[in-house]
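File shown here: start-v2.cif, holding mmCIF, C-alpha atoms; chains and numbers go by the auth columns.
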```cif
data_coords
loop_
_atom_site.group_PDB
_atom_site.id
_atom_site.type_symbol
_atom_site.label_atom_id
_atom_site.label_comp_id
_atom_site.label_asym_id
_atom_site.label_seq_id
_atom_site.Cartn_x
_atom_site.Cartn_y
_atom_site.Cartn_z
_atom_site.B_iso_or_equiv
_atom_site.auth_seq_id
_atom_site.auth_asym_id
ATOM 1 C CA MET A 1 0.000 0.000 0.000 0.00 1102 A
ATOM 2 C CA LYS A 2 1.252 3.444 -0.900 0.00 1103 A
ATOM 3 C CA ARG A 3 1.344 6.426 1.442 0.00 1104 A
ATOM 4 C CA GLU A 4 -1.282 8.229 -0.630 0.00 1105 A
ATOM 5 C CA GLU A 5 -3.717 5.332 -0.275 0.00 1106 A
ATOM 6 C CA LEU A 6 -3.214 5.180 3.475 0.00 1107 A
ATOM 7 C CA ILE A 7 -3.638 8.961 3.750 0.00 1108 A
ATOM 8 C CA SER A 8 -6.920 8.693 1.838 0.00 1109 A
ATOM 9 C CA THR A 9 -8.200 5.901 4.090 0.00 1110 A
ATOM 10 C CA LEU A 10 -7.157 7.868 7.168 0.00 1111 A
ATOM 11 C CA GLY A 11 -9.116 10.847 5.833 0.00 1112 A
ATOM 12 C CA SER A 12 -12.225 8.714 5.443 0.00 1113 A
ATOM 13 C CA CYS A 13 -11.842 7.434 8.991 0.00 1114 A
ATOM 14 C CA ILE A 14 -11.343 10.967 10.335 0.00 1115 A
ATOM 15 C CA ASN A 15 -14.513 12.116 8.579 0.00 1116 A
ATOM 16 C CA ALA A 16 -16.542 9.128 9.792 0.00 1117 A
ATOM 17 C CA CYS A 17 -15.348 9.567 13.385 0.00 1118 A
ATOM 18 C CA ASN A 18 -16.098 13.285 13.416 0.00 1119 A
ATOM 19 C CA TYR A 19 -19.527 12.731 11.867 0.00 1120 A
ATOM 20 C CA CYS A 20 -20.313 9.959 14.343 0.00 1121 A
ATOM 21 C CA ALA A 21 -19.274 12.068 17.333 0.00 1122 A
ATOM 22 C CA ASP A 22 -21.388 14.983 16.135 0.00 1123 A
ATOM 23 C CA ALA A 23 -24.369 12.718 15.453 0.00 1124 A
ATOM 24 C CA CYS A 24 -24.013 11.112 18.887 0.00 1125 A
ATOM 25 C CA LEU A 25 -24.312 14.556 20.452 0.00 1126 A
ATOM 26 C CA GLY A 26 -27.725 14.843 18.796 0.00 1127 A
ATOM 27 C CA GLU A 27 -29.051 11.573 20.177 0.00 1128 A
ATOM 28 C CA ASP A 28 -31.829 11.611 22.789 0.00 1129 A
ATOM 29 C CA ASN A 29 -29.709 9.849 25.408 0.00 1130 A
ATOM 30 C CA VAL A 30 -26.344 11.574 25.027 0.00 1131 A
ATOM 31 C CA LYS A 31 -25.075 10.085 28.298 0.00 1132 A
ATOM 32 C CA MET A 32 -25.320 6.645 26.730 0.00 1133 A
ATOM 33 C CA MET A 33 -23.120 7.874 23.869 0.00 1134 A
ATOM 34 C CA VAL A 34 -20.292 9.413 25.927 0.00 1135 A
ATOM 35 C CA ASP A 35 -17.821 6.553 25.381 0.00 1136 A
ATOM 36 C CA CYS A 36 -18.578 6.556 21.674 0.00 1137 A
ATOM 37 C CA ILE A 37 -18.020 10.306 21.417 0.00 1138 A
ATOM 38 C CA ARG A 38 -14.721 10.044 23.307 0.00 1139 A
ATOM 39 C CA THR A 39 -13.340 7.210 21.213 0.00 1140 A
ATOM 40 C CA ASP A 40 -14.506 8.923 18.015 0.00 1141 A
ATOM 41 C CA ARG A 41 -12.628 12.098 18.951 0.00 1142 A
ATOM 42 C CA VAL A 42 -9.447 10.262 19.958 0.00 1143 A
ATOM 43 C CA CYS A 43 -9.532 8.131 16.819 0.00 1144 A
ATOM 44 C CA ALA A 44 -9.968 11.183 14.595 0.00 1145 A
ATOM 45 C CA GLU A 45 -7.045 12.930 16.312 0.00 1146 A
ATOM 46 C CA VAL A 46 -4.706 9.933 16.052 0.00 1147 A
ATOM 47 C CA CYS A 47 -5.621 9.346 12.407 0.00 1148 A
ATOM 48 C CA SER A 48 -5.068 13.036 11.716 0.00 1149 A
ATOM 49 C CA SER A 49 -1.655 12.957 13.392 0.00 1150 A
ATOM 50 C CA LEU A 50 -0.618 9.916 11.389 0.00 1151 A
ATOM 51 C CA SER A 51 -1.842 11.531 8.181 0.00 1152 A
ATOM 52 C CA GLN A 52 0.210 14.644 8.905 0.00 1153 A
ATOM 53 C CA VAL A 53 3.347 12.586 9.541 0.00 1154 A
ATOM 54 C CA LEU A 54 2.753 10.603 6.346 0.00 1155 A
ATOM 55 C CA HIS A 55 2.829 13.888 4.420 0.00 1156 A
ATOM 56 C CA THR A 56 6.477 14.319 5.464 0.00 1157 A
ATOM 57 C CA THR A 57 9.575 12.343 4.561 0.00 1158 A
ATOM 58 C CA TYR A 58 9.916 11.069 8.135 0.00 1159 A
ATOM 59 C CA SER A 59 10.271 7.305 7.929 0.00 1160 A
ATOM 60 C CA ASN A 60 10.226 6.043 11.532 0.00 1161 A
ATOM 61 C CA ILE A 61 6.439 5.759 11.720 0.00 1162 A
ATOM 62 C CA ASN A 62 5.717 2.109 12.505 0.00 1163 A
ATOM 63 C CA GLY A 63 4.998 2.817 16.178 0.00 1164 A
ATOM 64 C CA LEU A 64 2.492 5.522 15.288 0.00 1165 A
ATOM 65 C CA ILE A 65 0.826 3.235 12.748 0.00 1166 A
ATOM 66 C CA GLU A 66 0.558 0.465 15.339 0.00 1167 A
ATOM 67 C CA TYR A 67 -0.938 2.933 17.827 0.00 1168 A
ATOM 68 C CA CYS A 68 -3.417 4.051 15.168 0.00 1169 A
ATOM 69 C CA ILE A 69 -4.463 0.416 14.701 0.00 1170 A
ATOM 70 C CA THR A 70 -5.046 0.071 18.452 0.00 1171 A
ATOM 71 C CA VAL A 71 -7.102 3.267 18.648 0.00 1172 A
ATOM 72 C CA CYS A 72 -9.155 2.303 15.575 0.00 1173 A
ATOM 73 C CA GLU A 73 -9.826 -1.113 17.119 0.00 1174 A
ATOM 74 C CA ASP A 74 -11.074 0.577 20.305 0.00 1175 A
ATOM 75 C CA CYS A 75 -13.271 2.970 18.336 0.00 1176 A
ATOM 76 C CA LYS A 76 -14.652 0.159 16.188 0.00 1177 A
ATOM 77 C CA SER A 77 -15.478 -1.915 19.256 0.00 1178 A
ATOM 78 C CA THR A 78 -17.238 0.998 20.937 0.00 1179 A
ATOM 79 C CA CYS A 79 -19.224 1.979 17.846 0.00 1180 A
ATOM 80 C CA GLU A 80 -20.322 -1.604 17.199 0.00 1181 A
ATOM 81 C CA GLN A 81 -22.207 -1.526 20.511 0.00 1182 A
ATOM 82 C CA HIS A 82 -24.711 0.947 19.022 0.00 1183 A
ATOM 83 C CA ASP A 83 -27.315 0.374 16.313 0.00 1184 A
ATOM 84 C CA HIS A 84 -27.228 3.928 14.961 0.00 1185 A
ATOM 85 C CA GLN A 85 -26.206 4.102 11.314 0.00 1186 A
ATOM 86 C CA HIS A 86 -23.517 6.686 12.036 0.00 1187 A
ATOM 87 C CA CYS A 87 -21.951 4.306 14.565 0.00 1188 A
ATOM 88 C CA GLN A 88 -22.055 1.402 12.128 0.00 1189 A
ATOM 89 C CA ASP A 89 -20.529 3.587 9.393 0.00 1190 A
ATOM 90 C CA CYS A 90 -17.785 4.687 11.771 0.00 1191 A
ATOM 91 C CA ALA A 91 -17.052 1.083 12.769 0.00 1192 A
ATOM 92 C CA GLN A 92 -16.694 0.195 9.080 0.00 1193 A
ATOM 93 C CA ALA A 93 -14.370 3.154 8.466 0.00 1194 A
ATOM 94 C CA CYS A 94 -12.250 2.004 11.407 0.00 1195 A
ATOM 95 C CA THR A 95 -12.185 -1.537 9.998 0.00 1196 A
ATOM 96 C CA ASP A 96 -10.987 -0.161 6.658 0.00 1197 A
ATOM 97 C CA CYS A 97 -8.359 1.974 8.383 0.00 1198 A
ATOM 98 C CA ILE A 98 -7.070 -0.975 10.413 0.00 1199 A
ATOM 99 C CA ALA A 99 -6.722 -3.031 7.229 0.00 1200 A
ATOM 100 C CA ALA A 100 -4.951 -0.182 5.424 0.00 1201 A
ATOM 101 C CA CYS A 101 -2.518 0.361 8.289 0.00 1202 A
ATOM 102 C CA LYS A 102 -1.718 -3.352 8.477 0.00 1203 A
ATOM 103 C CA SER A 103 -1.237 -3.485 4.718 0.00 1204 A
ATOM 104 C CA PHE A 104 1.111 -0.483 4.840 0.00 1205 A
ATOM 105 C CA LEU A 105 3.173 -2.099 7.610 0.00 1206 A
ATOM 106 C CA ALA A 106 3.387 -5.357 5.654 0.00 1207 A
ATOM 107 C CA ALA A 107 4.613 -3.657 2.468 0.00 1208 A
#
```
What does this structure look like when you write it as structure tokens?
Amino acid sequence: MKREELISTLGSCINACNYCADACLGEDNVKMMVDCIRTDRVCAEVCSSLSQVLHTTYSNINGLIEYCITVCEDCKSTCEQHDHQHCQDCAQACTDCIAACKSFLAA
């Protein structure tokens, strides 16, 4: 997998996480969505940080990619607990991001 492909997948995950967090804030029982909102925000931030580093020539990024995988796994797990479409979409975006990160590490 090329850097550009990973950056694109990270962007999709960032967008899905931000959308999910915003949509969760509009739910009737926001207290029930607090963990989802938190993990969405953290996931978006970590994906954004990785994307920014990938735009540079810095090459020692495996640790950050592995951390991104961990955060995406947490976000996916949290979102999968909810039936809302925005949560399911976010979980899928995290799944795609995990796969892209693993593919990049394997290349």
Test item: residues at most 10 Å from A:Cys1169, all atoms listed in the file, excluding those fewer than 5 positions along its chain, as a PyMOL selection string: chain A and resi 1111+1143-1151+1163-1164+1174-1175+1195+1198-1199+1202
Please enclose the listed atoms of stretch 1147-1164 of chain A in an axis-aligned box, pad each side by 6 Å, and write out the centre and the three edge lengths in Å, rounded to one decimal, as JSON.
```
{"center_x": 2.3, "center_y": 8.4, "center_z": 10.3, "size_x": 27.9, "size_y": 24.5, "size_z": 23.8}
```
Distance of atom CA of A:Lys1132 from atom CA of A:Tyr1168, expressed in Å to one decimal place: 27.3 Å
If you apply the PyMOL selection byres ((chain A and resi 1206) around 10) to this file, what residues do you get, as a list in words? Met1102, Ile1162, Asn1163, Ile1166, Glu1167, Ala1200, Ala1201, Cys1202, Lys1203, Ser1204, Phe1205, Ala1207 and Ala1208 of chain A
How many Å lie between atom CA of A:Gln1153 and atom CA of A:Leu1165, rounded to one decimal? 11.4 Å
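Distance-wise, atom CA of A:Gln1182 and atom CA of A:Ala1122 end up 14.3 Å apart.
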Using only C-alpha atoms, which of A:Gln1193, A:Thr1171, A:Thr1140, A:Glu1105 sits nearest A:Thr1157?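 Once distances to A:Thr1157 are computed over only C-alpha atoms, the minimum belongs to A:Glu1105.
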